[in-house]
Amino acid sequence: MAAETHFIQTIIGVGILLVAAKLMAELFLRLKLPIVLGELIAGMIIGPFALGAYLVYNGEPLLQLGSELRVLGEIGAIVILFMAGMEMTPREFLRGGKQSFTVGTLGVVLPFFAGLVVFQMFGFDALQAMMIATALTATSIAISLQVLTEFGKIKTPEARLIIGAAIVDDILAIAVLSVVTSLGVDGGVDSIEITEVMIKILQVLGFFAAMLIAAVFIVPRIVATRLWHAKGSVEGIVTATFFGAAAIAGSIGLSPIVGAFAVGMALSTTKVLDKVEHFIDKVGIIFAPLFFAIIGAQVNFMEVNLEILMLSGVMIAIAIITKLFGCGLPSWYFLKNKAQGMRVGIAMISRGEVGLIVAGVGVSSGVLTGSVYSTIVIMVAVTTIITPIWLKLDYARSGHVGSKKPLPSHTREFVYIFPEDTPISGTNGTNGADGGNGGDGGNGDGGDGGPAGAQGGHKP
């Protein structure tokens, strides 16, 4: 009976959060504000610590954030990252390797050490300060990607750098989390050595590299269309594959979302891409808003007091400044464009699932108090709210906000070389078979554009 009760509470919670998220999405669409922001605020409003506390049946709240509902939210994050992976081929990811690694690394190192120093000054012991600092490191790539997709900017140079840097950022943040949590188990800060820290971080990076290589070679063979003929077989096998990769990533100490991203990248060059994209878009319609609403619903307004507000203000300031400059300045250098570089810094501000995981680990291990947990959750919520607003204002100031119809998959390489904001001029493409990307008139589907394609569209 108890199991049945939990099941009913879960499906009621899903229904309430989805209705609230989509109602706010409609409102924010009409207000010309980011939809993801509306879905997040919907969770904050209808959550069990706000209006949800008054939705009671038989003395029990209708909306309860049980473990089952949280799992559905994590599935949403996995789906979002799988969708993001399909937007970038392995070649594109490796092409931006140095840039992504530099920006992502600085986006972890600067917030961590700033948080460590500042919160020790506020009287927290070293282990508590390290746990708080870890929560400041990881960017919520899911939120940033949703915003860029909504703005039609997912194929711009800054978006490519954001995706690559956020993946590096997330991997390094998971490595830092692994090290910091081991401190609480092994007896404190004095028990750790720098060598151990470096070995742990290299292990995590090695696991990701191995998983990405395996996915690139194995996944395309698994989903080969000649093996699957029944309706829905390809879609089912793909879903099983990215969930399986997420499980493997989680079992070896990585975030599950990293495994899903790797499978998405592996599929980006396959013949089944269009079919899978059409399918996963439908899945994302349900799981993406649920993920954002659940993040918002975890903000506990009942525990907020002056001390928590002050700590939250300090934490939010550190979160914004360290990402804006730690990621924005090197991106400005790499992209040779101040506006694009600072957009990378803005997009990296939002925190999300990893920050909440850190807060949860800290509370469950007894390292962090309930008030510090609430402070971290508020920081995650506020940074998530301001990121889409700030990005939209920045794009609006430069006159580049607009929703664009997704381009077909065979144009990916062309868009990467000539960004959508770069004017392209050209005459009618000739000999389209030689250059599928060569101008508006070319009818061929060649990969990188041949001699005739170069005549069809050139950079002025």
# chains A, B, ... in the order shown; residues from 1 in each chain; ligands from 1
>>> residues_around(residues="Ile320 in chain A", least_positions_apart="3", cutoff="8 Å", atoms="only C-alpha atoms", output="PDB file with N, CA, C and O atoms, in the first residue's frame")
ATOM      1  N   ILE A 316      26.312  34.387  -4.635  1.00  0.00           N
ATOM      2  CA  ILE A 316      25.859  34.763  -5.984  1.00  0.00           C
ATOM      3  C   ILE A 316      26.873  35.692  -6.645  1.00  0.00           C
ATOM      4  O   ILE A 316      27.179  35.558  -7.835  1.00  0.00           O
ATOM      5  N   ALA A 317      27.407  36.648  -5.868  1.00  0.00           N
ATOM      6  CA  ALA A 317      28.407  37.575  -6.418  1.00  0.00           C
ATOM      7  C   ALA A 317      29.649  36.822  -6.887  1.00  0.00           C
ATOM      8  O   ALA A 317      30.176  37.080  -7.983  1.00  0.00           O
ATOM      9  N   LYS A 323      32.821  33.373 -13.035  1.00  0.00           N
ATOM     10  CA  LYS A 323      32.515  32.789 -14.353  1.00  0.00           C
ATOM     11  C   LYS A 323      32.596  33.836 -15.458  1.00  0.00           C
ATOM     12  O   LYS A 323      33.093  33.561 -16.560  1.00  0.00           O
ATOM     13  N   LEU A 324      32.096  35.035 -15.169  1.00  0.00           N
ATOM     14  CA  LEU A 324      32.082  36.080 -16.196  1.00  0.00           C
ATOM     15  C   LEU A 324      33.497  36.397 -16.666  1.00  0.00           C
ATOM     16  O   LEU A 324      33.757  36.502 -17.869  1.00  0.00           O
ATOM     17  N   ILE A 349      27.466  31.248 -16.359  1.00  0.00           N
ATOM     18  CA  ILE A 349      27.119  31.662 -14.993  1.00  0.00           C
ATOM     19  C   ILE A 349      26.143  30.703 -14.326  1.00  0.00           C
ATOM     20  O   ILE A 349      26.243  30.415 -13.137  1.00  0.00           O
ATOM     21  N   THR A 383      21.215  32.254 -10.183  1.00  0.00           N
ATOM     22  CA  THR A 383      22.099  32.261 -11.359  1.00  0.00           C
ATOM     23  C   THR A 383      21.387  31.690 -12.582  1.00  0.00           C
ATOM     24  O   THR A 383      21.632  32.115 -13.709  1.00  0.00           O
TER      25      THR A 383
END
>>> residues_around(residues="Met302 in chain A", least_positions_apart="5", cutoff="12 Å", atoms="only C-alpha atoms", output="ChimeraX atom specification")
/A:47-51,53,308,370-371,374
>>> closest_atom_pairs(of="range 9-75 of chain A", to="range 284-288 of chain A", cutoff="9 Å", atoms="only C-alpha atoms", output="tab-separated table")
residue	atom	partner	partner_atom	distance
A:Leu18	CA	A:Ile286	CA	7.6
A:Val36	CA	A:Ala288	CA	8.8
A:Leu72	CA	A:Phe287	CA	7.6
A:Gly73	CA	A:Phe287	CA	7.1
A:Ile75	CA	A:Phe287	CA	7.2
>>> residues_around(residues="range 239-251 of chain A", least_positions_apart="2", cutoff="10 Å", atoms="only C-alpha atoms", output="PyMOL selection string")
chain A and resi 75+78-79+81-82+204+207-208+211-212+215+219+222-223+233-237+253-264+276+279-280
>>> residues_around(residues="range 105-110 of chain A", least_positions_apart="2", cutoff="8 Å", atoms="only C-alpha atoms", output="count of residues only")
18
>>> residues_around(residues="Gln298 in chain A", least_positions_apart="4", cutoff="12 Å", atoms="only C-alpha atoms", output="CSV table (one decimal) with N, CA and C atoms, in the first residue's frame")
chain,number,residue,atom,x,y,z
A,40,LEU,N,11.4,27.4,-14.7
A,40,LEU,CA,12.1,27.4,-13.5
A,40,LEU,C,11.2,28.1,-12.4
A,41,ILE,N,10.7,29.3,-12.7
A,41,ILE,CA,9.9,30.1,-11.8
A,41,ILE,C,8.6,29.3,-11.4
A,42,ALA,N,8.1,28.6,-12.4
A,42,ALA,CA,6.9,27.8,-12.1
A,42,ALA,C,7.1,26.8,-11.0
A,43,GLY,N,8.3,26.2,-11.0
A,43,GLY,CA,8.6,25.3,-9.9
A,43,GLY,C,8.8,26.0,-8.6
A,44,MET,N,9.4,27.2,-8.6
A,44,MET,CA,9.5,27.9,-7.4
A,44,MET,C,8.2,28.3,-6.8
A,45,ILE,N,7.2,28.7,-7.7
A,45,ILE,CA,5.9,29.1,-7.2
A,45,ILE,C,5.1,28.0,-6.7
A,46,ILE,N,5.0,26.9,-7.4
A,46,ILE,CA,4.1,25.8,-7.1
A,46,ILE,C,4.8,24.8,-6.2
A,47,GLY,N,6.1,24.9,-5.9
A,47,GLY,CA,6.8,24.0,-5.1
A,47,GLY,C,6.3,23.8,-3.7
A,48,PRO,N,6.7,22.7,-3.0
A,48,PRO,CA,6.2,22.4,-1.7
A,48,PRO,C,6.6,23.4,-0.6
A,49,PHE,N,7.5,24.3,-0.9
A,49,PHE,CA,7.9,25.3,0.0
A,49,PHE,C,7.2,26.7,-0.3
A,50,ALA,N,6.3,26.7,-1.2
A,50,ALA,CA,5.6,27.9,-1.6
A,50,ALA,C,4.1,27.6,-1.7
A,52,GLY,N,2.6,25.2,-3.1
A,52,GLY,CA,2.4,23.8,-3.0
A,52,GLY,C,2.1,23.4,-1.6
A,63,LEU,N,1.9,17.9,-3.6
A,63,LEU,CA,3.2,17.9,-4.3
A,63,LEU,C,4.3,17.7,-3.3
A,64,GLN,N,4.9,16.5,-3.4
A,64,GLN,CA,6.1,16.2,-2.6
A,64,GLN,C,7.3,15.8,-3.4
A,65,LEU,N,8.4,16.4,-3.1
A,65,LEU,CA,9.6,16.1,-3.9
A,65,LEU,C,10.3,14.9,-3.4
A,66,GLY,N,9.7,13.7,-3.6
A,66,GLY,CA,10.2,12.5,-3.2
A,66,GLY,C,11.4,12.0,-4.2
A,69,LEU,N,10.4,11.5,-7.9
A,69,LEU,CA,10.3,12.7,-8.7
A,69,LEU,C,11.6,13.3,-9.0
A,70,ARG,N,12.6,13.3,-8.1
A,70,ARG,CA,13.9,13.8,-8.4
A,70,ARG,C,14.6,12.9,-9.4
A,73,GLY,N,13.6,14.1,-12.7
A,73,GLY,CA,14.3,15.3,-13.1
A,73,GLY,C,15.7,15.0,-13.6
A,291,PHE,N,12.5,18.9,-15.6
A,291,PHE,CA,13.8,19.1,-15.0
A,291,PHE,C,13.9,20.5,-14.4
A,292,PHE,N,13.6,21.6,-15.2
A,292,PHE,CA,13.7,22.9,-14.7
A,292,PHE,C,12.7,23.2,-13.6
A,293,ALA,N,11.5,22.7,-13.7
A,293,ALA,CA,10.5,22.9,-12.6
A,293,ALA,C,11.0,22.3,-11.3
A,294,ILE,N,11.6,21.1,-11.4
A,294,ILE,CA,12.0,20.5,-10.2
A,294,ILE,C,13.2,21.2,-9.5
A,302,MET,N,10.8,28.8,3.3
A,302,MET,CA,10.5,28.8,4.7
A,302,MET,C,11.7,28.9,5.6
A,303,GLU,N,12.9,28.6,5.1
A,303,GLU,CA,14.1,28.6,5.9
A,303,GLU,C,14.9,29.9,5.6
A,352,GLY,N,23.6,24.4,-11.7
A,352,GLY,CA,22.4,23.5,-11.8
A,352,GLY,C,22.6,22.2,-11.0
A,353,GLU,N,22.5,21.1,-11.8
A,353,GLU,CA,22.4,19.8,-11.1
A,353,GLU,C,23.6,19.4,-10.3
A,356,LEU,N,23.5,21.2,-7.0
A,356,LEU,CA,22.6,20.6,-6.1
A,356,LEU,C,23.0,19.3,-5.5
A,359,ALA,N,25.5,20.1,-2.8
A,359,ALA,CA,24.7,20.5,-1.6
A,359,ALA,C,24.1,19.3,-0.8
A,360,GLY,N,23.5,18.4,-1.6
A,360,GLY,CA,22.9,17.2,-1.1
A,360,GLY,C,24.0,16.3,-0.4
A,373,TYR,N,22.8,24.6,2.9
A,373,TYR,CA,22.1,23.9,1.8
A,373,TYR,C,21.2,24.9,1.1
A,374,SER,N,20.3,25.5,1.9
A,374,SER,CA,19.4,26.5,1.3
A,374,SER,C,20.1,27.6,0.6
A,375,THR,N,21.2,28.0,1.1
A,375,THR,CA,22.0,29.1,0.4
A,375,THR,C,22.5,28.7,-0.9
A,376,ILE,N,23.0,27.4,-1.0
A,376,ILE,CA,23.4,26.9,-2.3
A,376,ILE,C,22.3,26.8,-3.3
A,377,VAL,N,21.1,26.3,-2.8
A,377,VAL,CA,20.0,26.1,-3.7
A,377,VAL,C,19.5,27.5,-4.2
A,378,ILE,N,19.5,28.5,-3.3
A,378,ILE,CA,19.1,29.9,-3.8
A,378,ILE,C,20.1,30.4,-4.8
A,379,MET,N,21.4,30.1,-4.6
A,379,MET,CA,22.5,30.5,-5.6
A,379,MET,C,22.2,29.9,-6.9
A,380,VAL,N,21.9,28.6,-6.9
A,380,VAL,CA,21.6,27.9,-8.2
A,380,VAL,C,20.4,28.5,-8.9
A,381,ALA,N,19.3,28.8,-8.1
A,381,ALA,CA,18.1,29.3,-8.7
A,381,ALA,C,18.3,30.7,-9.2
>>> closest_residue(among="A:Ala210, A:Val283, A:Ala135, A:Ile35", to="Leu23 in chain A", atoms="only C-alpha atoms")
A:Ile35
>>> closest_residue(among="A:Leu145, A:Leu177, A:Ala84, A:Ala129", to="Ala266 in chain A", atoms="only C-alpha atoms")
A:Ala84
>>> residues_around(residues="Leu273 in chain A", least_positions_apart="3", cutoff="12 Å", atoms="only C-alpha atoms", output="ChimeraX atom specification")
/A:83,85-89,220,223-225,234-235,238,263-270,276-281,408-410
>>> write_last_selection(atoms="N, CA, C and O atoms", output="short mmCIF file (atom, residue, chain, number, x, y, z; two decimals), in the first residue's frame")
data_model
loop_
_atom_site.label_atom_id
_atom_site.label_comp_id
_atom_site.auth_asym_id
_atom_site.auth_seq_id
_atom_site.Cartn_x
_atom_site.Cartn_y
_atom_site.Cartn_z
N MET A 83 20.52 15.47 -26.30
CA MET A 83 20.12 16.37 -27.40
C MET A 83 21.25 17.33 -27.73
O MET A 83 21.52 17.62 -28.90
N GLY A 85 24.47 16.80 -27.32
CA GLY A 85 25.54 16.07 -27.98
C GLY A 85 25.32 15.91 -29.46
O GLY A 85 26.28 15.95 -30.25
N MET A 86 24.07 15.77 -29.89
CA MET A 86 23.78 15.61 -31.31
C MET A 86 24.03 16.88 -32.11
O MET A 86 24.08 16.85 -33.33
N GLU A 87 24.19 18.01 -31.41
CA GLU A 87 24.45 19.28 -32.09
C GLU A 87 25.93 19.49 -32.39
O GLU A 87 26.31 20.49 -33.00
N MET A 88 26.78 18.57 -31.95
CA MET A 88 28.23 18.74 -32.14
C MET A 88 28.86 17.42 -32.54
O MET A 88 28.68 16.41 -31.86
N THR A 89 29.58 17.43 -33.65
CA THR A 89 30.28 16.22 -34.09
C THR A 89 31.58 16.07 -33.30
O THR A 89 32.12 17.05 -32.77
N PRO A 220 27.55 4.01 -33.67
CA PRO A 220 27.05 3.97 -35.05
C PRO A 220 26.78 2.56 -35.55
O PRO A 220 25.86 2.34 -36.35
N VAL A 223 23.36 1.23 -34.02
CA VAL A 223 22.11 1.81 -34.53
C VAL A 223 22.02 1.73 -36.05
O VAL A 223 21.14 2.38 -36.63
N ALA A 224 22.90 0.99 -36.69
CA ALA A 224 22.84 0.86 -38.16
C ALA A 224 21.44 0.44 -38.58
O ALA A 224 20.89 -0.53 -38.09
N THR A 225 20.85 1.22 -39.52
CA THR A 225 19.44 1.00 -39.88
C THR A 225 19.18 -0.37 -40.50
O THR A 225 18.07 -0.86 -40.43
N VAL A 234 14.81 1.70 -33.97
CA VAL A 234 15.97 2.59 -33.91
C VAL A 234 15.87 3.51 -32.70
O VAL A 234 16.83 3.68 -31.93
N GLU A 235 14.69 4.12 -32.53
CA GLU A 235 14.50 5.04 -31.43
C GLU A 235 14.68 4.34 -30.07
O GLU A 235 15.29 4.89 -29.14
N VAL A 238 18.42 3.52 -29.51
CA VAL A 238 19.16 4.76 -29.20
C VAL A 238 18.92 5.17 -27.76
O VAL A 238 19.84 5.54 -27.02
N VAL A 263 27.27 9.82 -26.29
CA VAL A 263 26.47 9.07 -27.25
C VAL A 263 25.82 10.01 -28.26
O VAL A 263 25.76 9.71 -29.46
N GLY A 264 25.34 11.14 -27.80
CA GLY A 264 24.76 12.13 -28.72
C GLY A 264 25.75 12.58 -29.76
O GLY A 264 25.43 12.66 -30.96
N MET A 265 26.99 12.84 -29.34
CA MET A 265 28.04 13.23 -30.30
C MET A 265 28.33 12.11 -31.29
O MET A 265 28.54 12.35 -32.47
N ALA A 266 28.35 10.88 -30.79
CA ALA A 266 28.63 9.74 -31.67
C ALA A 266 27.55 9.59 -32.74
O ALA A 266 27.83 9.16 -33.87
N LEU A 267 26.32 9.95 -32.42
CA LEU A 267 25.20 9.83 -33.36
C LEU A 267 25.13 10.99 -34.36
O LEU A 267 24.42 10.90 -35.35
N SER A 268 25.86 12.07 -34.07
CA SER A 268 25.72 13.28 -34.88
C SER A 268 26.19 13.11 -36.33
O SER A 268 25.87 13.93 -37.18
N THR A 269 26.94 12.05 -36.60
CA THR A 269 27.43 11.83 -37.97
C THR A 269 26.78 10.61 -38.63
O THR A 269 27.24 10.18 -39.68
N THR A 270 25.75 10.05 -38.02
CA THR A 270 25.12 8.85 -38.56
C THR A 270 23.93 9.19 -39.45
O THR A 270 23.41 10.31 -39.41
N VAL A 276 16.30 10.31 -35.21
CA VAL A 276 16.49 10.36 -33.76
C VAL A 276 16.18 11.75 -33.22
O VAL A 276 15.55 11.90 -32.16
N GLU A 277 16.58 12.79 -33.96
CA GLU A 277 16.29 14.16 -33.52
C GLU A 277 14.79 14.39 -33.44
O GLU A 277 14.30 15.01 -32.48
N HIS A 278 14.06 13.93 -34.43
CA HIS A 278 12.60 14.10 -34.42
C HIS A 278 11.99 13.40 -33.21
O HIS A 278 11.08 13.93 -32.56
N PHE A 279 12.50 12.22 -32.89
CA PHE A 279 11.98 11.46 -31.75
C PHE A 279 12.34 12.11 -30.42
O PHE A 279 11.48 12.31 -29.56
N ILE A 280 13.60 12.46 -30.26
CA ILE A 280 14.06 12.95 -28.96
C ILE A 280 13.49 14.34 -28.66
O ILE A 280 13.34 14.72 -27.49
N ASP A 281 13.18 15.12 -29.70
CA ASP A 281 12.52 16.41 -29.47
C ASP A 281 11.19 16.22 -28.76
O ASP A 281 10.81 17.01 -27.89
N PRO A 408 19.16 21.74 -41.56
CA PRO A 408 19.34 20.30 -41.76
C PRO A 408 20.74 19.88 -41.36
O PRO A 408 21.67 20.67 -41.39
N SER A 409 20.87 18.60 -41.04
CA SER A 409 22.12 18.12 -40.46
C SER A 409 23.30 18.27 -41.41
O SER A 409 24.42 18.45 -40.98
N HIS A 410 23.06 18.22 -42.73
CA HIS A 410 24.21 18.25 -43.64
C HIS A 410 24.82 19.63 -43.77
O HIS A 410 25.84 19.82 -44.41
#
>>> residues_around(residues="range 328-345 of chain A", least_positions_apart="6", cutoff="8 Å", atoms="only C-alpha atoms", output="PyMOL selection string")
chain A and resi 99+102-103+157-159+161-162+391+394
